[in-house]
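Enquirer: Input file: my_file.cif. Contents: mmCIF, C-alpha atoms and all ligand atoms.
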```
data_protein
#
loop_
_atom_site.label_atom_id
_atom_site.label_comp_id
_atom_site.auth_asym_id
_atom_site.auth_seq_id
_atom_site.Cartn_x
_atom_site.Cartn_y
_atom_site.Cartn_z
CA MET A 1 12.85 -9.17 10.66
CA GLN A 2 15.23 -6.25 11.22
CA VAL A 3 14.10 -3.34 13.36
CA HIS A 4 16.23 -0.17 13.31
CA THR A 5 15.35 2.66 15.66
CA VAL A 6 16.27 6.34 15.25
CA GLY A 7 15.88 8.84 18.08
CA ASP A 8 15.34 8.25 21.79
CA GLY A 9 12.27 6.80 23.47
CA THR A 10 9.50 4.48 22.34
CA PRO A 11 8.66 5.02 18.66
CA GLU A 12 5.06 5.67 17.65
CA VAL A 13 5.99 5.94 13.98
CA ALA A 14 7.17 3.08 11.76
CA VAL A 15 8.25 2.55 8.16
CA VAL A 16 8.06 -1.03 6.87
CA GLY A 17 9.93 -2.32 3.82
CA ALA A 18 10.05 -5.81 2.27
CA ILE A 19 6.57 -6.90 3.27
CA HIS A 20 6.99 -8.54 -0.14
CA GLY A 21 10.49 -9.91 -0.75
CA ASP A 22 10.53 -9.14 -4.48
CA GLU A 23 9.82 -5.44 -3.86
CA PRO A 24 13.19 -4.18 -2.56
CA CYS A 25 12.59 -0.42 -3.00
CA GLY A 26 11.41 0.06 0.60
CA VAL A 27 14.54 -1.55 2.03
CA ARG A 28 16.77 0.54 -0.26
CA ALA A 29 14.94 3.69 0.88
CA ILE A 30 15.35 2.71 4.54
CA GLU A 31 19.10 2.08 4.00
CA ARG A 32 19.46 5.41 2.23
CA PHE A 33 17.72 7.15 5.13
CA LEU A 34 19.81 5.40 7.82
CA ASP A 35 23.01 6.25 5.90
CA THR A 36 22.22 9.96 6.34
CA GLU A 37 22.47 9.48 10.15
CA PRO A 38 19.33 11.58 10.52
CA ASP A 39 18.71 14.03 13.33
CA VAL A 40 15.13 13.37 14.40
CA ASP A 41 12.62 15.28 16.55
CA ARG A 42 10.90 12.10 17.73
CA PRO A 43 11.81 8.40 17.49
CA ALA A 44 10.84 6.10 14.63
CA LYS A 45 11.26 2.45 13.69
CA LEU A 46 12.51 1.33 10.31
CA ILE A 47 11.53 -2.29 9.73
CA VAL A 48 12.74 -4.80 7.13
CA ALA A 49 9.93 -7.33 7.39
CA ASN A 50 10.39 -10.41 5.24
CA GLU A 51 14.17 -10.94 5.16
CA ARG A 52 13.87 -14.57 4.05
CA ALA A 53 11.80 -13.67 0.97
CA LEU A 54 14.00 -10.62 0.31
CA ASP A 55 17.12 -12.82 0.25
CA ARG A 56 15.46 -15.16 -2.23
CA GLY A 57 13.96 -12.35 -4.33
CA VAL A 58 10.45 -13.81 -4.02
CA ARG A 59 7.14 -12.26 -2.92
CA TYR A 60 6.87 -14.71 -0.01
CA VAL A 61 8.20 -18.04 1.21
CA ASP A 62 5.09 -19.86 2.49
CA THR A 63 2.19 -17.42 2.19
CA ASP A 64 1.58 -13.75 1.39
CA LEU A 65 2.53 -11.69 4.48
CA ASN A 66 0.17 -8.94 3.36
CA ARG A 67 -2.83 -11.31 3.36
CA CYS A 68 -2.30 -13.05 6.69
CA LEU A 69 -2.30 -10.32 9.35
CA PRO A 70 -2.70 -10.52 12.32
CA GLY A 71 -0.86 -13.83 11.87
CA ASP A 72 -0.34 -16.74 14.25
CA PRO A 73 2.74 -17.36 16.43
CA GLU A 74 2.06 -21.14 16.40
CA SER A 75 1.66 -21.50 12.63
CA ASP A 76 3.95 -23.79 10.62
CA GLN A 77 4.00 -21.09 7.91
CA TYR A 78 6.86 -18.62 8.16
CA GLU A 79 4.85 -15.54 7.12
CA GLU A 80 2.01 -16.35 9.55
CA ARG A 81 4.52 -16.25 12.41
CA LEU A 82 6.22 -13.17 10.95
CA ALA A 83 2.85 -11.41 10.66
CA HIS A 84 2.34 -11.91 14.39
CA ASP A 85 5.79 -10.41 15.14
CA LEU A 86 5.22 -7.52 12.73
CA MET A 87 1.89 -6.74 14.43
CA ALA A 88 3.69 -6.51 17.78
CA GLU A 89 6.28 -4.11 16.27
CA VAL A 90 3.74 -1.74 14.70
CA GLN A 91 1.24 -1.88 17.57
CA GLY A 92 0.29 1.70 18.48
CA CYS A 93 2.33 3.14 15.60
CA THR A 94 1.36 5.27 12.66
CA ALA A 95 3.01 3.20 9.93
CA LEU A 96 3.88 3.34 6.25
CA GLY A 97 4.43 0.12 4.29
CA ILE A 98 6.44 0.47 1.09
CA HIS A 99 5.59 -1.68 -1.93
CA SER A 100 6.08 -1.66 -5.70
CA THR A 101 4.11 -3.01 -8.66
CA VAL A 102 4.41 -4.07 -12.28
CA SER A 103 1.38 -2.04 -13.31
CA TYR A 104 2.20 1.63 -12.66
CA ASP A 105 5.35 3.75 -12.65
CA ARG A 106 4.29 6.58 -10.37
CA PRO A 107 3.71 6.34 -6.62
CA PHE A 108 0.23 6.01 -5.14
CA ALA A 109 -1.10 5.30 -1.66
CA ASN A 110 -3.31 2.45 -0.44
CA VAL A 111 -5.65 2.62 2.54
CA ALA A 112 -8.61 0.74 4.04
CA TYR A 113 -11.13 1.82 6.67
CA LEU A 114 -10.07 5.43 6.19
CA ASN A 115 -10.02 7.53 9.35
CA GLU A 116 -8.78 11.08 9.97
CA ARG A 117 -5.36 9.87 11.08
CA LYS A 118 -4.84 7.97 7.82
CA ARG A 119 -6.32 10.78 5.77
CA GLU A 120 -3.90 13.25 7.34
CA VAL A 121 -0.89 11.08 6.41
CA ALA A 122 -2.23 10.27 2.92
CA ALA A 123 -2.79 13.98 2.24
CA HIS A 124 0.93 14.65 2.74
CA LEU A 125 2.48 11.92 0.62
CA PRO A 126 3.91 12.82 -2.80
CA VAL A 127 1.21 10.87 -4.67
CA GLU A 128 -1.54 11.68 -7.17
CA GLN A 129 -3.87 8.88 -6.09
CA VAL A 130 -5.09 7.24 -2.90
CA VAL A 131 -6.83 3.87 -3.32
CA ASP A 132 -9.29 2.52 -0.78
CA PHE A 133 -9.14 -1.31 -0.55
CA THR A 134 -11.77 -1.72 2.19
CA VAL A 135 -14.06 -3.97 0.11
CA VAL A 136 -11.29 -6.50 -0.53
CA ALA A 137 -9.83 -6.31 2.97
CA ASP A 138 -8.38 -9.71 3.84
CA GLY A 139 -5.50 -9.54 6.28
CA ARG A 140 -3.68 -6.59 4.70
CA SER A 141 -1.57 -4.19 6.74
CA VAL A 142 -3.71 -1.23 5.61
CA GLU A 143 -6.61 -2.58 7.66
CA LEU A 144 -4.77 -1.63 10.88
CA PRO A 145 -5.93 1.68 12.42
CA GLY A 146 -2.77 3.69 11.65
CA PHE A 147 -1.28 1.84 8.67
CA LEU A 148 -1.00 3.07 5.07
CA ASP A 149 0.86 1.60 2.12
CA VAL A 150 2.55 3.29 -0.75
CA GLU A 151 3.18 1.65 -4.12
CA ALA A 152 6.41 3.38 -5.09
CA GLY A 153 6.63 2.48 -8.77
CA HIS A 154 7.88 -0.29 -10.99
CA GLN A 155 9.27 -3.32 -9.14
CA GLY A 156 13.08 -3.43 -9.22
CA SER A 157 13.50 0.02 -10.81
CA ALA A 158 15.82 2.78 -9.58
CA ALA A 159 12.89 5.21 -9.90
CA ALA A 160 10.88 3.14 -7.40
CA VAL A 161 13.73 3.53 -4.87
CA ASP A 162 13.77 7.32 -5.40
CA ASN A 163 9.98 7.48 -5.07
CA ALA A 164 10.07 5.26 -1.98
CA TYR A 165 12.66 7.56 -0.43
CA ASP A 166 10.57 10.67 -1.19
CA CYS A 167 7.52 8.99 0.37
CA LEU A 168 9.55 7.96 3.43
CA LEU A 169 10.77 11.55 3.96
CA ALA A 170 7.28 13.01 3.43
CA PHE A 171 5.79 10.49 5.88
CA LEU A 172 8.43 11.23 8.53
CA ARG A 173 7.78 14.98 8.10
CA SER A 174 4.01 14.64 8.38
CA THR A 175 4.42 12.55 11.55
CA GLY A 176 6.85 15.04 13.12
CA VAL A 177 9.89 12.73 13.08
CA LEU A 178 11.71 15.03 10.67
CA PRO A 179 11.47 18.82 10.59
CA GLY A 180 10.11 20.52 7.50
CA GLU A 181 6.83 20.69 5.64
CA PRO A 182 5.61 17.61 3.77
CA PRO A 183 3.96 18.09 0.36
CA ALA A 184 0.19 18.63 0.15
CA PRO A 185 -0.78 17.52 -3.38
CA ASP A 186 -4.48 16.75 -2.67
CA PRO A 187 -4.57 13.38 -4.47
CA GLY A 188 -7.63 11.82 -6.09
CA TYR A 189 -9.51 9.20 -4.06
CA TYR A 190 -10.38 5.88 -5.72
CA GLU A 191 -12.57 3.33 -3.98
CA VAL A 192 -12.05 -0.26 -5.14
CA THR A 193 -15.40 -1.86 -5.95
CA GLU A 194 -14.31 -5.35 -7.06
CA PRO A 195 -11.39 -7.49 -8.15
CA ILE A 196 -11.30 -8.80 -11.73
CA TYR A 197 -10.04 -12.38 -11.83
CA LYS A 198 -8.43 -14.17 -14.75
CA GLU A 199 -9.74 -17.42 -16.11
CA PRO A 200 -6.95 -19.98 -15.90
CA GLY A 201 -5.05 -20.76 -19.08
CA ARG A 202 -6.19 -17.65 -20.95
CA THR A 203 -4.05 -14.69 -22.05
CA TYR A 204 -5.07 -11.24 -20.83
CA HIS A 205 -3.99 -7.94 -22.33
CA PHE A 206 -4.91 -4.60 -20.75
CA LEU A 207 -5.66 -1.87 -23.32
CA GLY A 208 -6.31 1.04 -20.94
CA GLU A 209 -4.30 2.93 -18.35
CA ASN A 210 -4.54 2.64 -14.61
CA PHE A 211 -6.54 5.49 -13.00
CA VAL A 212 -7.88 6.55 -16.42
CA ARG A 213 -11.67 6.21 -16.73
CA VAL A 214 -13.12 3.34 -18.76
CA GLY A 215 -16.59 4.26 -20.05
CA PRO A 216 -19.59 1.99 -20.73
CA GLY A 217 -19.02 0.25 -24.07
CA ASP A 218 -15.25 0.81 -24.01
CA ARG A 219 -13.00 -2.09 -24.93
CA TYR A 220 -10.54 -2.12 -22.07
CA ALA A 221 -8.83 -5.50 -22.49
CA THR A 222 -8.57 -8.61 -24.61
CA VAL A 223 -8.75 -12.25 -23.54
CA ASP A 224 -7.11 -14.61 -26.00
CA GLY A 225 -7.37 -11.77 -28.50
CA GLU A 226 -11.13 -11.21 -28.01
CA PRO A 227 -12.15 -7.79 -26.68
CA ILE A 228 -13.75 -7.32 -23.25
CA VAL A 229 -16.24 -4.45 -23.21
CA ALA A 230 -17.08 -2.51 -20.04
CA ASP A 231 -20.77 -2.61 -19.09
CA GLU A 232 -20.41 0.42 -16.81
CA GLU A 233 -17.78 3.02 -16.06
CA PHE A 234 -14.86 2.30 -13.75
CA TRP A 235 -11.30 3.39 -13.07
CA PRO A 236 -8.74 0.54 -13.35
CA VAL A 237 -6.34 0.00 -10.45
CA LEU A 238 -3.30 -2.32 -10.41
CA MET A 239 -4.42 -3.74 -13.74
CA SER A 240 -1.67 -5.49 -15.69
CA ASP A 241 -1.09 -8.36 -18.10
CA GLU A 242 1.44 -10.27 -16.04
CA GLY A 243 1.25 -8.83 -12.53
CA HIS A 244 -0.55 -11.71 -10.91
CA ASP A 245 -1.46 -15.32 -11.76
CA VAL A 246 -5.16 -15.12 -10.98
CA LEU A 247 -5.88 -11.41 -10.54
CA PHE A 248 -6.08 -9.10 -13.55
CA GLY A 249 -6.63 -5.99 -11.41
CA TYR A 250 -9.39 -4.03 -9.70
CA ARG A 251 -12.31 -1.84 -10.71
CA SER A 252 -12.64 1.36 -8.72
CA THR A 253 -14.84 4.43 -8.50
CA HIS A 254 -13.24 7.89 -8.52
CA ARG A 255 -14.66 9.81 -5.55
CA GLY A 256 -12.95 13.12 -6.29
CA ALA A 257 -10.15 14.82 -4.38
CA LEU A 258 -9.17 13.46 -0.96
CA SER A 259 -9.84 16.86 0.62
CA THR A 260 -13.46 16.83 -0.57
CA LEU A 261 -14.43 13.55 1.12
CA PRO A 262 -16.99 14.00 3.88
CA ASP A 263 -15.95 13.38 7.50
CA VAL A 264 -14.44 9.92 7.40
CA ASP A 265 -13.78 9.09 11.01
CA HIS A 266 -16.33 6.59 12.27
CA SER A 267 -13.83 4.17 13.79
CA ALA A 268 -14.10 3.04 17.40
CA GLU A 269 -10.70 4.65 18.01
CA ALA A 270 -11.97 8.05 16.84
CA VAL A 271 -15.10 7.84 18.95
CA ALA A 272 -12.90 7.08 22.00
CA ASP A 273 -10.63 10.03 21.14
CA GLU A 274 -13.66 12.31 20.87
CA ALA A 275 -14.96 11.20 24.28
CA THR A 276 -11.66 12.04 25.98
CA ASP A 277 -11.20 15.45 24.30
CA ASP A 278 -11.12 18.42 26.67
ZN ZN A 301 3.80 -5.50 -2.23
#
```
Once more with this new file: its structure as C-alpha cells, please.

Expert:
Amino acid sequence: MQVHTVGDGTPEVAVVGAIHGDEPCGVRAIERFLDTEPDVDRPAKLIVANERALDRGVRYVDTDLNRCLPGDPESDQYEERLAHDLMAEVQGCTALGIHSTVSYDRPFANVAYLNERKREVAAHLPVEQVVDFTVVADGRSVELPGFLDVEAGHQGSAAAVDNAYDCLLAFLRSTGVLPGEPPAPDPGYYEVTEPIYKEPGRTYHFLGENFVRVGPGDRYATVDGEPIVADEEFWPVLMSDEGHDVLFGYRSTHRGALSTLPDVDHSAEAVADEATDD
C-alpha cells in the first residue's frame, strides 16, 4: 500500500484508489492530482491500496479487498492483511474510494448506512445517482462511518480517469482540503433491494439500462435466449452481461432526490455528536 500525504498535520480526509487492482482510474486520478503539487487548506491522504493486484491487472490476489473489511492481520490471505492496514489508515477519516465498472459509463456514488456526513459528501460529487448498498453489506468499505465510493465509469477507459479526477477534486473541495465550491447536482437515491445471481453455465443478456425503471411485465433480460419478465418494478444497478461470474446485478428502488430523503442520521456516532453539541 502506498500512502501519500499532502499538507501539514494529521489528515482526516482520504482518497483511496486500487481497492480493486483491475480498476486503475483511481490511481491515475491520484497521480494526476499529486503532479499538480496542490496547495491545500488542510491535509489529506492519497492511498494506493492493492498494489500487488494493480501490478498484475487483476481485481484481487487472494480475496476481494472490498468484501473482507475490517480484515485480519494474522490471515494467510494478502487482502485480509491489507484490509486491516487500510482500516488503520482511514480510521477517523472521511474517505472516498474510487472504482470503475463494466456496466455504466457515467460516474455514480455508492454508500451504506447513510448518515449526514456521508449525505453531505455525496451531495457534492459530480454524479447523477447515489446507490445505497446497506442490504448487501458484507465487509465493504462503504460500511465504515465516513466512507463513500464512486464508480467512475468504464473500467480501463480514459473517460473513467477524467471522471475519477473530477470526483477527487469535488470530494477534496467538499471536505475543505481544496478551496472552491464543489458541485451540487442533487442526485437520485437508489436503494438496493436484492442481488440477482446467475445460474452457472447459462448465458445472460441484459436488455435494459442501468438506473432506468423496469416495470411489471417488462422483459429485462434473456437467459440462454429465453426472456426474463419482471414481476414487479425495479431500477437495475450494476447489471451487465459479463461483469461478474455469479452476479448479474442488483434490483433497486428509486427513492427520489437525495435532498428529499428524511433525516438519515441514526448512527451511534451522530447521537454522540448531538449529545456533545453546545
Ligand atoms: Zn471496484

Enquirer: List all protein, DNA and RNA residues that have at least one atom no more than 8 Å from any atom of ligand ZN 301 (chain A), counting only C-alpha atoms and all ligand atoms, and write them as number ranges by chain.

Expert: A: 18-20, 22-23, 59, 66, 98-101, 151

Enquirer: What does the distance from atom CA of A:Ile47 to atom CA of A:Arg173 come to in Å, to one decimal?

Expert: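 Computed distance, atom CA of A:Ile47 to atom CA of A:Arg173, equals 17.7 Å.
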
Enquirer: I'd like to know which of A:Leu65, A:Leu96, A:Leu247, A:Val121 is closest to A:Ala53, using all atoms listed in the file.

Expert: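 Looking only at the distances to A:Ala53, the closest residue turns out to be A:Leu65.
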
Enquirer: I want to know what sits within 10 Å of A:Arg42, based on all atoms listed in the file, with residues of the same chain fewer than 4 positions away left out; could you give that as a ChimeraX atom specification?

Expert: /A:6-13,172,175-179

Enquirer: Counting all atoms listed in the file, which residues in stretch 78-180 of chain A sit no more than 9 Å from stretch 238-245 of chain A? For each one, give the nearest pair of atoms and the distance in Å, sorted by chain then residue number, as a tab-separated table.

Expert:
```
residue	atom	partner	partner_atom	distance
A:Thr101	CA	A:Gly243	CA	7.6
A:Val102	CA	A:Gly243	CA	5.7
A:Ser103	CA	A:Ser240	CA	5.2
A:Tyr104	CA	A:Leu238	CA	7.1
```

Enquirer: Do you know which residues are at most 8 Å from A:Phe147 counting all atoms listed in the file, after dropping those on the same chain fewer than 2 positions away, and could you put them as a VMD selection string?

Expert: chain A and resid 93 to 97 111 118 141 to 145 149

Enquirer: Rank A:Val136, A:Ala14, A:Ala122, A:Leu258 by their smallest atom-to-atom distance to A:Asn110, using only C-alpha atoms, and report the top residue only.

Expert: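 Checking each candidate against A:Asn110, we get A:Ala122 as the closest.
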
Enquirer: Quick check, in Å to one decimal: how far apart do atom CA of A:Leu261 and atom CA of A:Ala112 lie?

Expert: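 So the two atoms, atom CA of A:Leu261 and atom CA of A:Ala112, lie 14.4 Å apart.
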
Enquirer: Provide the atom CA of A:Phe33 to atom CA of A:Ala160 distance in Å, to one decimal place.

Expert: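 Between atom CA of A:Phe33 and atom CA of A:Ala160 the gap works out to 14.8 Å.
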